[in-house]
>>> print(open('run10.txt').read())   # compact mmCIF, C-alpha atoms
# COMPACT_ATOMS: atom_id res chain seq x y z
CA MET R 13 0.00 0.00 0.00
CA GLN R 14 1.06 3.58 -0.61
CA ASN R 15 1.31 6.14 2.19
CA ASP R 16 -2.16 7.60 1.59
CA GLU R 17 -3.88 4.21 1.26
CA LEU R 18 -5.32 2.71 4.45
CA ALA R 19 -6.73 -0.54 3.07
CA LEU R 20 -8.35 -2.14 0.07
CA VAL R 21 -11.93 -3.33 0.18
CA PHE R 22 -13.21 -5.92 -2.25
CA HIS R 23 -16.93 -5.57 -2.87
CA ALA R 24 -19.38 -5.92 -5.75
CA GLU R 25 -16.65 -7.38 -7.99
CA GLN R 26 -14.58 -4.20 -7.69
CA ALA R 27 -11.67 -2.95 -5.57
CA TRP R 28 -12.26 0.06 -3.35
CA LEU R 29 -9.95 2.31 -1.36
CA LEU R 30 -10.78 2.84 2.33
CA GLN R 31 -10.57 6.49 3.38
CA GLU R 32 -9.63 7.88 6.80
CA ASP R 33 -13.24 8.89 7.45
CA GLY R 34 -14.38 5.34 6.89
CA SER R 35 -15.80 5.92 3.42
CA CYS R 36 -14.69 4.08 0.29
CA GLN R 37 -13.96 5.26 -3.21
CA PRO R 38 -13.32 3.19 -6.34
CA LEU R 39 -9.69 2.28 -6.85
CA ALA R 40 -8.24 4.04 -9.90
CA ALA R 41 -7.67 1.77 -12.89
CA GLU R 42 -3.93 2.51 -13.08
CA ARG R 43 -3.44 1.70 -9.39
CA ALA R 44 -5.56 -1.46 -9.65
CA LEU R 45 -3.41 -2.67 -12.54
CA GLN R 46 -0.22 -1.91 -10.61
CA ILE R 47 -1.40 -3.88 -7.58
CA VAL R 48 -2.68 -6.95 -9.41
CA ASP R 49 0.40 -7.03 -11.65
CA ARG R 50 2.85 -6.68 -8.78
CA TYR R 51 1.22 -8.69 -6.01
CA ALA R 52 -0.80 -11.44 -7.70
CA GLN R 53 2.03 -13.91 -7.11
CA PHE R 54 2.20 -13.10 -3.39
CA GLY R 55 -1.05 -14.57 -2.18
CA LEU R 56 -3.97 -12.60 -3.58
CA SER R 57 -7.04 -14.79 -3.67
CA GLU R 58 -8.89 -15.46 -6.91
CA VAL R 59 -11.69 -13.16 -5.78
CA GLN R 60 -9.25 -10.35 -4.95
CA GLN R 61 -7.50 -10.75 -8.29
CA ALA R 62 -10.81 -10.71 -10.14
CA CYS R 63 -11.91 -7.54 -8.34
CA LEU R 64 -8.63 -5.80 -9.11
CA GLN R 65 -8.78 -6.91 -12.74
CA ASN R 66 -12.32 -5.57 -13.03
CA SER R 67 -11.23 -2.24 -11.55
CA ALA R 68 -8.29 -2.08 -13.95
CA GLY R 69 -10.72 -2.65 -16.83
CA ASN R 70 -9.23 -2.21 -20.30
CA LEU R 71 -5.77 -1.69 -18.85
CA TRP R 72 -5.79 -5.24 -17.50
CA GLN R 73 -7.27 -6.67 -20.68
CA ALA R 74 -4.58 -4.92 -22.71
CA LEU R 75 -1.78 -6.18 -20.46
CA ASP R 76 -3.13 -9.74 -20.41
CA SER R 77 -3.60 -9.82 -24.19
CA HIS R 78 -0.13 -8.43 -24.73
CA ARG R 79 1.53 -10.99 -22.49
CA ARG R 80 -0.26 -13.92 -24.08
CA GLY R 81 0.44 -12.53 -27.53
CA LEU R 82 4.10 -12.02 -26.76
CA ALA R 83 4.41 -15.58 -25.47
CA ALA R 84 2.88 -16.84 -28.71
CA LEU R 85 5.19 -14.61 -30.75
CA ASP R 86 8.23 -15.95 -28.91
CA ALA R 87 7.00 -19.48 -29.67
CA GLN R 88 6.60 -18.47 -33.35
CA ASP R 89 2.88 -19.23 -33.15
CA TYR R 90 2.01 -16.25 -35.32
CA GLU R 91 -1.60 -17.29 -35.90
CA LYS R 92 -2.26 -17.16 -32.16
CA ALA R 93 -0.12 -14.08 -31.54
CA ARG R 94 -1.69 -11.85 -34.19
CA PRO R 95 -5.22 -11.33 -32.73
CA LEU R 96 -3.91 -11.07 -29.17
CA LEU R 97 -1.36 -8.39 -30.03
CA LEU R 98 -3.88 -6.51 -32.16
CA GLN R 99 -6.35 -6.55 -29.28
CA ALA R 100 -3.67 -5.19 -26.95
CA VAL R 101 -2.86 -2.45 -29.47
CA GLU R 102 -6.52 -1.48 -29.78
CA LEU R 103 -6.80 -1.32 -25.98
CA GLY R 104 -3.84 1.08 -25.80
CA ASN R 105 -0.89 -1.09 -24.81
CA HIS R 106 2.16 0.68 -26.25
CA ASP R 107 4.49 -2.29 -25.86
CA ALA R 108 2.17 -4.31 -28.07
CA LEU R 109 2.75 -1.80 -30.88
CA ASN R 110 6.41 -2.78 -30.98
CA ASP R 111 5.71 -6.50 -30.74
CA PHE R 112 3.09 -6.38 -33.47
CA GLY R 113 5.71 -4.67 -35.63
CA CYS R 114 8.04 -7.58 -34.89
CA LEU R 115 5.32 -10.00 -35.94
CA LEU R 116 4.78 -8.16 -39.23
CA GLY R 117 8.49 -8.30 -39.96
CA LYS R 118 8.94 -11.95 -39.01
CA ALA R 119 5.71 -13.59 -40.16
CA ASP R 120 4.75 -11.40 -43.12
CA GLN R 121 8.11 -9.91 -44.14
CA ASP R 122 6.14 -6.65 -44.30
CA HIS R 123 8.94 -4.37 -43.16
CA ALA R 124 7.25 -1.14 -44.26
CA SER R 125 4.21 -1.81 -42.05
CA ALA R 126 6.48 -3.00 -39.26
CA LEU R 127 8.31 0.32 -39.45
CA THR R 128 5.01 2.17 -38.95
CA TYR R 129 4.25 0.25 -35.76
CA PHE R 130 7.80 0.73 -34.47
CA GLN R 131 7.45 4.45 -35.05
CA ARG R 132 4.17 4.60 -33.15
CA ALA R 133 5.66 2.63 -30.28
CA SER R 134 8.80 4.77 -30.18
CA ASP R 135 6.72 7.95 -30.19
CA ALA R 136 4.94 6.50 -27.14
CA GLY R 137 8.29 6.05 -25.35
CA SER R 138 9.26 2.45 -26.12
CA ALA R 139 13.01 1.71 -25.89
CA PRO R 140 12.82 -1.57 -27.89
CA ALA R 141 10.92 0.22 -30.65
CA ALA R 142 13.58 2.94 -30.86
CA ARG R 143 16.19 0.20 -31.15
CA ASN R 144 14.18 -1.51 -33.88
CA LEU R 145 13.88 1.76 -35.80
CA GLY R 146 17.63 2.22 -35.56
CA ASP R 147 18.17 -1.27 -36.92
CA ARG R 148 15.74 -0.70 -39.81
CA TYR R 149 17.30 2.58 -40.85
CA ARG R 150 20.77 1.08 -40.54
CA HIS R 151 20.01 -1.83 -42.85
CA GLY R 152 17.27 -0.35 -45.04
CA ARG R 153 14.44 -2.66 -43.97
CA GLY R 154 11.13 -1.09 -44.93
CA CYS R 155 12.88 2.20 -45.72
CA GLU R 156 15.93 3.68 -47.41
CA ILE R 157 19.21 3.32 -45.52
CA ASP R 158 19.62 6.44 -43.38
CA LEU R 159 22.57 6.17 -41.03
CA MET R 160 21.89 9.47 -39.29
CA GLN R 161 18.39 8.28 -38.45
CA ALA R 162 19.87 4.97 -37.34
CA ARG R 163 22.22 6.81 -35.01
CA HIS R 164 19.39 8.97 -33.67
CA TYR R 165 17.12 6.07 -32.78
CA LEU R 166 19.87 3.89 -31.34
CA GLN R 167 20.93 6.79 -29.13
CA LEU R 168 17.31 7.23 -28.11
CA ALA R 169 17.09 3.53 -27.25
CA THR R 170 20.19 3.70 -25.04
CA ALA R 171 18.89 6.83 -23.33
CA ARG R 172 15.72 4.89 -22.52
CA GLY R 173 17.73 2.06 -20.99
CA HIS R 174 17.96 -0.49 -23.80
CA ARG R 175 21.20 -2.31 -22.96
CA ALA R 176 21.78 -4.22 -26.20
CA ALA R 177 21.49 -1.02 -28.24
CA HIS R 178 24.79 0.24 -26.77
CA LEU R 179 26.78 -2.27 -28.80
CA GLU R 180 24.83 -1.65 -32.00
CA LEU R 181 25.29 2.10 -31.63
CA ALA R 182 28.98 1.72 -30.77
CA ILE R 183 29.62 -0.36 -33.90
CA LEU R 184 27.81 2.19 -36.06
CA LEU R 185 29.81 5.06 -34.55
CA PHE R 186 33.05 3.09 -34.89
CA ASP R 187 32.56 1.93 -38.48
CA GLN R 188 31.28 5.13 -40.09
CA GLU R 189 32.91 8.41 -40.98
CA PRO R 190 31.64 11.67 -39.43
CA PRO R 191 29.02 13.02 -39.10
CA VAL R 192 27.60 9.56 -38.38
CA GLY R 193 30.81 8.20 -36.92
CA ASP R 194 32.27 9.47 -33.66
CA LEU R 195 35.13 7.53 -32.06
CA GLU R 196 34.88 9.26 -28.67
CA LEU R 197 31.19 8.48 -28.45
CA ALA R 198 31.85 4.96 -29.74
CA LEU R 199 34.25 4.43 -26.84
CA GLN R 200 31.56 5.38 -24.33
CA HIS R 201 29.07 2.94 -25.77
CA PHE R 202 31.57 0.10 -26.13
CA LEU R 203 32.32 0.60 -22.44
CA GLU R 204 28.61 0.34 -21.67
CA ALA R 205 28.38 -2.80 -23.79
CA TRP R 206 31.34 -4.22 -21.87
CA ARG R 207 29.67 -3.33 -18.56
CA PHE R 208 26.47 -5.06 -19.60
CA GLY R 209 28.27 -8.29 -20.46
CA GLN R 210 28.99 -8.02 -24.21
CA ARG R 211 32.72 -8.35 -23.64
CA ASN R 212 33.66 -10.66 -26.49
CA GLU R 213 31.92 -8.29 -28.90
CA SER R 214 33.66 -5.12 -27.67
CA ASP R 215 37.16 -6.07 -26.46
CA ILE R 216 39.05 -5.53 -29.74
CA GLN R 217 37.45 -2.16 -30.44
CA LEU R 218 38.12 -1.01 -26.88
CA GLY R 219 41.75 -2.10 -27.17
CA TRP R 220 42.16 -0.23 -30.45
CA LEU R 221 40.41 2.91 -29.22
CA TYR R 222 42.56 3.10 -26.09
CA GLU R 223 45.66 2.44 -28.17
CA GLN R 224 44.80 5.46 -30.35
CA ARG R 225 44.55 7.52 -27.16
CA GLU R 226 48.00 6.15 -26.18
CA ASP R 227 46.45 4.68 -23.04
CA TYR R 228 48.39 1.47 -23.46
CA ALA R 229 47.58 0.04 -20.04
CA GLN R 230 43.86 0.03 -20.87
CA ALA R 231 44.55 -1.17 -24.41
CA GLN R 232 46.53 -4.10 -23.03
CA ARG R 233 43.68 -4.99 -20.66
CA TYR R 234 41.19 -5.40 -23.48
CA TYR R 235 43.64 -7.07 -25.85
CA LEU R 236 44.46 -9.66 -23.17
CA HIS R 237 40.76 -10.42 -22.85
CA ALA R 238 40.56 -10.91 -26.62
CA ILE R 239 43.64 -13.14 -26.55
CA GLY R 240 41.82 -15.29 -24.01
CA ARG R 241 39.33 -16.18 -26.71
CA GLY R 242 42.05 -16.70 -29.32
CA ASN R 243 41.86 -13.42 -31.25
CA SER R 244 44.77 -13.07 -33.69
CA TYR R 245 44.53 -9.27 -34.05
CA ALA R 246 45.01 -8.88 -30.30
CA HIS R 247 48.12 -11.07 -30.43
CA TRP R 248 49.51 -8.93 -33.25
CA SER R 249 48.77 -5.65 -31.45
CA LEU R 250 50.33 -6.81 -28.19
CA GLY R 251 53.31 -8.13 -30.15
CA LEU R 252 53.90 -4.65 -31.57
CA MET R 253 53.47 -3.04 -28.17
CA HIS R 254 56.17 -5.29 -26.70
CA ARG R 255 58.42 -4.92 -29.73
CA TYR R 256 58.41 -1.12 -29.74
CA GLY R 257 57.86 -0.47 -26.02
CA ARG R 258 54.44 1.11 -26.32
CA GLY R 259 53.33 1.41 -22.71
CA VAL R 260 55.42 -1.62 -21.71
CA PRO R 261 59.17 -2.30 -21.60
CA VAL R 262 60.65 -3.58 -24.85
CA ASN R 263 60.53 -7.36 -24.67
CA HIS R 264 61.48 -9.17 -27.85
CA GLY R 265 60.62 -12.56 -26.38
CA LYS R 266 57.03 -11.58 -25.61
CA ALA R 267 56.80 -9.77 -28.93
CA ARG R 268 57.93 -12.88 -30.80
CA GLY R 269 55.48 -15.07 -28.89
CA HIS R 270 52.48 -12.87 -29.66
CA LEU R 271 53.46 -12.35 -33.29
CA GLN R 272 54.02 -16.06 -33.79
CA SER R 273 50.58 -16.78 -32.34
CA ALA R 274 49.10 -14.25 -34.75
CA CYS R 275 50.90 -15.92 -37.67
CA GLU R 276 49.72 -19.37 -36.62
CA ALA R 277 46.15 -18.04 -36.57
CA GLY R 278 46.58 -16.77 -40.14
CA PHE R 279 46.71 -13.02 -39.43
CA GLU R 280 48.46 -11.79 -42.57
CA SER R 281 49.94 -8.56 -41.22
CA ALA R 282 51.86 -10.52 -38.62
CA TYR R 283 53.92 -12.26 -41.34
CA LEU R 284 55.34 -8.90 -42.42
CA THR R 285 56.06 -7.57 -38.93
>>> encode(input="run10.txt", output="structure tokens")
Amino acid sequence: MQNDELALVFHAEQAWLLQEDGSCQPLAAERALQIVDRYAQFGLSEVQQACLQNSAGNLWQALDSHRRGLAALDAQDYEKARPLLLQAVELGNHDALNDFGCLLGKADQDHASALTYFQRASDAGSAPAARNLGDRYRHGRGCEIDLMQARHYLQLATARGHRAAHLELAILLFDQEPPVGDLELALQHFLEAWRFGQRNESDIQLGWLYEQREDYAQAQRYYLHAIGRGNSYAHWSLGLMHRYGRGVPVNHGKARGHLQSACEAGFESAYLT
């Protein structure tokens, strides 16, 4: 219960809020949805759940339809998912807009219509939809390739808390020339990707970016991680650092070892070093 809520009363198939003067008023739909969604698993009776669901009205119906539709979508049961997600959309569930867009792209290959639903969902504040828009503009699915738009929506997704979008944005910023590309900003997002567990996907870029900044201690940290998964470029880079004393003492033995490992892995530049 919140600070201004004394107790809930369940009566006439609705949930009511007990006031300090002993009177009751109907529980607001948004609050009813919050309670039944958060506390149903902690011992609410069937009657209490039904009363809260009735008080939540269309909000509950939209949430329930969305969840069942999303489960069907994840199971690739598109025939079952379609009407459920559409019902959730019609009842005002913004997350369902994004998921219905995913269905259109996966089941129908209708990327133009999917883009429309992603746009509606993003305009309503959806982080996954902003990420999906960034992906579509980056690859030209349902639209012309527009890398500035891709950057905009991926940045919007990260600002809204979408973790996976950090890596996608970092790669875009790293691979492209300005004004789309931005190596300083790429570094920030690769670091976020690293923090959120995408280490194998960001270690090489982080090593290279720190090497360009002449922060060799940090570069070595990320290259060593990449070496742990057998990356030949990291062996080559560390070989050069030890050969020329970049941030570490010159050590021809270590340089030879790393460069030989790079050669054995088929990294062509290492043959000429």
>>> closest_residue(input="run10.txt", among="R:Pro191, R:Gly242, R:Gly104, R:Gly137", to="Ala277 of chain R", atoms="only C-alpha atoms")
R:Gly242
>>> residues_near_point(input="run10.txt", point="(28.9, 9.8, -41.0)", cutoff="12 Å", atoms="only C-alpha atoms", output="list in words")
Arg150, Asp158, Leu159, Met160, Gln161, Ala162, Arg163, Leu184, Leu185, Phe186, Asp187, Gln188, Glu189, Pro190, Pro191, Val192, Gly193, Asp194 and Leu195 of chain R
>>> residues_around(input="run10.txt", residues="Gln31 of chain R", least_positions_apart="4", cutoff="7 Å", atoms="only C-alpha atoms", output="number ranges by chain")
R: 18, 35-36
>>> closest_residue(input="run10.txt", among="R:Phe208, R:Tyr149, R:Tyr222, R:Tyr228", to="Ala124 of chain R", atoms="only C-alpha atoms")
R:Tyr149
>>> atom_distance(input="run10.txt", atom1="atom CA of Ser67 of chain R", atom2="atom CA of Leu45 of chain R")
7.9 Å
>>> atom_distance(input="run10.txt", atom1="atom CA of Leu103 of chain R", atom2="atom CA of Ala119 of chain R")
22.5 Å
>>> closest_residue(input="run10.txt", among="R:His178, R:Val59, R:Gly269, R:Ala231", to="Gly209 of chain R", atoms="all atoms listed in the file")
R:His178
>>> atom_distance(input="run10.txt", atom1="atom CA of Tyr245 of chain R", atom2="atom CA of Glu180 of chain R")
21.2 Å
>>> closest_residue(input="run10.txt", among="R:Gln272, R:Gly257, R:Gln210, R:Ile183", to="Glu226 of chain R", atoms="only C-alpha atoms")
R:Gly257
>>> closest_residue(input="run10.txt", among="R:Ser273, R:Ala44, R:Gly34, R:Leu181", to="Ile239 of chain R", atoms="all atoms listed in the file")
R:Ser273
>>> residues_around(input="run10.txt", residues="Glu223 of chain R", least_positions_apart="6", cutoff="12 Å", atoms="only C-alpha atoms", output="PyMOL selection string")
chain R and resi 199+216-217+229-235+246+249-250+252-253+258-259
>>> residues_around(input="run10.txt", residues="Gln37 of chain R", least_positions_apart="2", cutoff="12 Å", atoms="all atoms listed in the file", output="ChimeraX atom specification")
/R:17-23,26-35,39-40,67
>>> residues_around(input="run10.txt", residues="Ala139 of chain R", least_positions_apart="3", cutoff="7 Å", atoms="all atoms listed in the file", output="list in words")
Ser134, Ala142, Arg143, Ala169, Arg172, Gly173 and His174 of chain R
>>> residues_around(input="run10.txt", residues="Ser125 of chain R", least_positions_apart="6", cutoff="12 Å", atoms="only C-alpha atoms", output="ChimeraX atom specification")
/R:109-110,112-118,131-132,148,153-155
>>> closest_residue(input="run10.txt", among="R:Tyr129, R:Asn243, R:Glu156, R:Leu96", to="Ala84 of chain R", atoms="all atoms listed in the file")
R:Leu96
>>> build_atoms(input="run10.txt", residues="segment 119-145 of chain R", atoms="N, CA, C and O atoms", output="PDB file, keeping the file's coordinate frame")
ATOM      1  N   ALA R 119       6.691 -12.680 -39.549  1.00  0.00           N
ATOM      2  CA  ALA R 119       5.710 -13.590 -40.160  1.00  0.00           C
ATOM      3  C   ALA R 119       5.373 -13.176 -41.585  1.00  0.00           C
ATOM      4  O   ALA R 119       5.226 -14.026 -42.460  1.00  0.00           O
ATOM      5  N   ASP R 120       5.231 -11.873 -41.826  1.00  0.00           N
ATOM      6  CA  ASP R 120       4.750 -11.400 -43.120  1.00  0.00           C
ATOM      7  C   ASP R 120       5.853 -10.814 -44.001  1.00  0.00           C
ATOM      8  O   ASP R 120       5.607 -10.538 -45.180  1.00  0.00           O
ATOM      9  N   GLN R 121       7.027 -10.598 -43.422  1.00  0.00           N
ATOM     10  CA  GLN R 121       8.110  -9.910 -44.140  1.00  0.00           C
ATOM     11  C   GLN R 121       7.631  -8.545 -44.657  1.00  0.00           C
ATOM     12  O   GLN R 121       8.085  -8.068 -45.698  1.00  0.00           O
ATOM     13  N   ASP R 122       6.703  -7.951 -43.924  1.00  0.00           N
ATOM     14  CA  ASP R 122       6.140  -6.650 -44.300  1.00  0.00           C
ATOM     15  C   ASP R 122       6.891  -5.584 -43.493  1.00  0.00           C
ATOM     16  O   ASP R 122       6.404  -5.084 -42.475  1.00  0.00           O
ATOM     17  N   HIS R 123       8.074  -5.245 -43.943  1.00  0.00           N
ATOM     18  CA  HIS R 123       8.940  -4.370 -43.160  1.00  0.00           C
ATOM     19  C   HIS R 123       8.459  -2.913 -43.163  1.00  0.00           C
ATOM     20  O   HIS R 123       8.692  -2.191 -42.195  1.00  0.00           O
ATOM     21  N   ALA R 124       7.765  -2.510 -44.221  1.00  0.00           N
ATOM     22  CA  ALA R 124       7.250  -1.140 -44.260  1.00  0.00           C
ATOM     23  C   ALA R 124       6.179  -0.943 -43.193  1.00  0.00           C
ATOM     24  O   ALA R 124       6.171   0.060 -42.467  1.00  0.00           O
ATOM     25  N   SER R 125       5.245  -1.915 -43.084  1.00  0.00           N
ATOM     26  CA  SER R 125       4.210  -1.810 -42.050  1.00  0.00           C
ATOM     27  C   SER R 125       4.811  -1.956 -40.664  1.00  0.00           C
ATOM     28  O   SER R 125       4.390  -1.276 -39.712  1.00  0.00           O
ATOM     29  N   ALA R 126       5.809  -2.846 -40.545  1.00  0.00           N
ATOM     30  CA  ALA R 126       6.480  -3.000 -39.260  1.00  0.00           C
ATOM     31  C   ALA R 126       7.093  -1.671 -38.818  1.00  0.00           C
ATOM     32  O   ALA R 126       6.999  -1.287 -37.647  1.00  0.00           O
ATOM     33  N   LEU R 127       7.693  -0.961 -39.760  1.00  0.00           N
ATOM     34  CA  LEU R 127       8.310   0.320 -39.450  1.00  0.00           C
ATOM     35  C   LEU R 127       7.287   1.304 -38.881  1.00  0.00           C
ATOM     36  O   LEU R 127       7.577   2.056 -37.945  1.00  0.00           O
ATOM     37  N   THR R 128       6.072   1.279 -39.430  1.00  0.00           N
ATOM     38  CA  THR R 128       5.010   2.170 -38.950  1.00  0.00           C
ATOM     39  C   THR R 128       4.677   1.879 -37.496  1.00  0.00           C
ATOM     40  O   THR R 128       4.515   2.805 -36.685  1.00  0.00           O
ATOM     41  N   TYR R 129       4.564   0.604 -37.145  1.00  0.00           N
ATOM     42  CA  TYR R 129       4.250   0.250 -35.760  1.00  0.00           C
ATOM     43  C   TYR R 129       5.418   0.576 -34.836  1.00  0.00           C
ATOM     44  O   TYR R 129       5.214   1.031 -33.700  1.00  0.00           O
ATOM     45  N   PHE R 130       6.648   0.354 -35.296  1.00  0.00           N
ATOM     46  CA  PHE R 130       7.800   0.730 -34.470  1.00  0.00           C
ATOM     47  C   PHE R 130       7.817   2.232 -34.207  1.00  0.00           C
ATOM     48  O   PHE R 130       8.145   2.672 -33.101  1.00  0.00           O
ATOM     49  N   GLN R 131       7.460   3.004 -35.220  1.00  0.00           N
ATOM     50  CA  GLN R 131       7.450   4.450 -35.050  1.00  0.00           C
ATOM     51  C   GLN R 131       6.407   4.873 -34.031  1.00  0.00           C
ATOM     52  O   GLN R 131       6.670   5.721 -33.160  1.00  0.00           O
ATOM     53  N   ARG R 132       5.227   4.281 -34.113  1.00  0.00           N
ATOM     54  CA  ARG R 132       4.170   4.600 -33.150  1.00  0.00           C
ATOM     55  C   ARG R 132       4.598   4.232 -31.729  1.00  0.00           C
ATOM     56  O   ARG R 132       4.371   4.993 -30.776  1.00  0.00           O
ATOM     57  N   ALA R 133       5.223   3.068 -31.598  1.00  0.00           N
ATOM     58  CA  ALA R 133       5.660   2.630 -30.280  1.00  0.00           C
ATOM     59  C   ALA R 133       6.786   3.515 -29.748  1.00  0.00           C
ATOM     60  O   ALA R 133       6.808   3.870 -28.564  1.00  0.00           O
ATOM     61  N   SER R 134       7.717   3.891 -30.609  1.00  0.00           N
ATOM     62  CA  SER R 134       8.800   4.770 -30.180  1.00  0.00           C
ATOM     63  C   SER R 134       8.263   6.135 -29.772  1.00  0.00           C
ATOM     64  O   SER R 134       8.701   6.704 -28.759  1.00  0.00           O
ATOM     65  N   ASP R 135       7.315   6.654 -30.527  1.00  0.00           N
ATOM     66  CA  ASP R 135       6.720   7.950 -30.190  1.00  0.00           C
ATOM     67  C   ASP R 135       6.020   7.889 -28.825  1.00  0.00           C
ATOM     68  O   ASP R 135       5.882   8.911 -28.147  1.00  0.00           O
ATOM     69  N   ALA R 136       5.582   6.679 -28.435  1.00  0.00           N
ATOM     70  CA  ALA R 136       4.940   6.500 -27.140  1.00  0.00           C
ATOM     71  C   ALA R 136       5.943   6.238 -26.018  1.00  0.00           C
ATOM     72  O   ALA R 136       5.552   6.072 -24.861  1.00  0.00           O
ATOM     73  N   GLY R 137       7.249   6.187 -26.368  1.00  0.00           N
ATOM     74  CA  GLY R 137       8.290   6.050 -25.350  1.00  0.00           C
ATOM     75  C   GLY R 137       8.949   4.698 -25.236  1.00  0.00           C
ATOM     76  O   GLY R 137       9.698   4.454 -24.291  1.00  0.00           O
ATOM     77  N   SER R 138       8.716   3.802 -26.193  1.00  0.00           N
ATOM     78  CA  SER R 138       9.260   2.450 -26.120  1.00  0.00           C
ATOM     79  C   SER R 138      10.749   2.424 -26.484  1.00  0.00           C
ATOM     80  O   SER R 138      11.138   2.866 -27.567  1.00  0.00           O
ATOM     81  N   ALA R 139      11.580   1.878 -25.599  1.00  0.00           N
ATOM     82  CA  ALA R 139      13.010   1.710 -25.890  1.00  0.00           C
ATOM     83  C   ALA R 139      13.252   0.626 -26.941  1.00  0.00           C
ATOM     84  O   ALA R 139      14.036   0.836 -27.873  1.00  0.00           O
ATOM     85  N   PRO R 140      12.606  -0.559 -26.838  1.00  0.00           N
ATOM     86  CA  PRO R 140      12.820  -1.570 -27.890  1.00  0.00           C
ATOM     87  C   PRO R 140      12.417  -1.081 -29.273  1.00  0.00           C
ATOM     88  O   PRO R 140      13.060  -1.414 -30.274  1.00  0.00           O
ATOM     89  N   ALA R 141      11.354  -0.282 -29.354  1.00  0.00           N
ATOM     90  CA  ALA R 141      10.920   0.220 -30.650  1.00  0.00           C
ATOM     91  C   ALA R 141      11.934   1.193 -31.231  1.00  0.00           C
ATOM     92  O   ALA R 141      12.205   1.190 -32.440  1.00  0.00           O
ATOM     93  N   ALA R 142      12.528   2.027 -30.383  1.00  0.00           N
ATOM     94  CA  ALA R 142      13.580   2.940 -30.860  1.00  0.00           C
ATOM     95  C   ALA R 142      14.763   2.138 -31.376  1.00  0.00           C
ATOM     96  O   ALA R 142      15.337   2.469 -32.424  1.00  0.00           O
ATOM     97  N   ARG R 143      15.106   1.057 -30.677  1.00  0.00           N
ATOM     98  CA  ARG R 143      16.190   0.200 -31.150  1.00  0.00           C
ATOM     99  C   ARG R 143      15.831  -0.431 -32.491  1.00  0.00           C
ATOM    100  O   ARG R 143      16.660  -0.505 -33.401  1.00  0.00           O
ATOM    101  N   ASN R 144      14.594  -0.883 -32.626  1.00  0.00           N
ATOM    102  CA  ASN R 144      14.180  -1.510 -33.880  1.00  0.00           C
ATOM    103  C   ASN R 144      14.182  -0.513 -35.032  1.00  0.00           C
ATOM    104  O   ASN R 144      14.534  -0.861 -36.162  1.00  0.00           O
ATOM    105  N   LEU R 145      13.802   0.725 -34.762  1.00  0.00           N
ATOM    106  CA  LEU R 145      13.880   1.760 -35.800  1.00  0.00           C
ATOM    107  C   LEU R 145      15.329   1.989 -36.213  1.00  0.00           C
ATOM    108  O   LEU R 145      15.635   2.134 -37.403  1.00  0.00           O
TER     109      LEU R 145
END
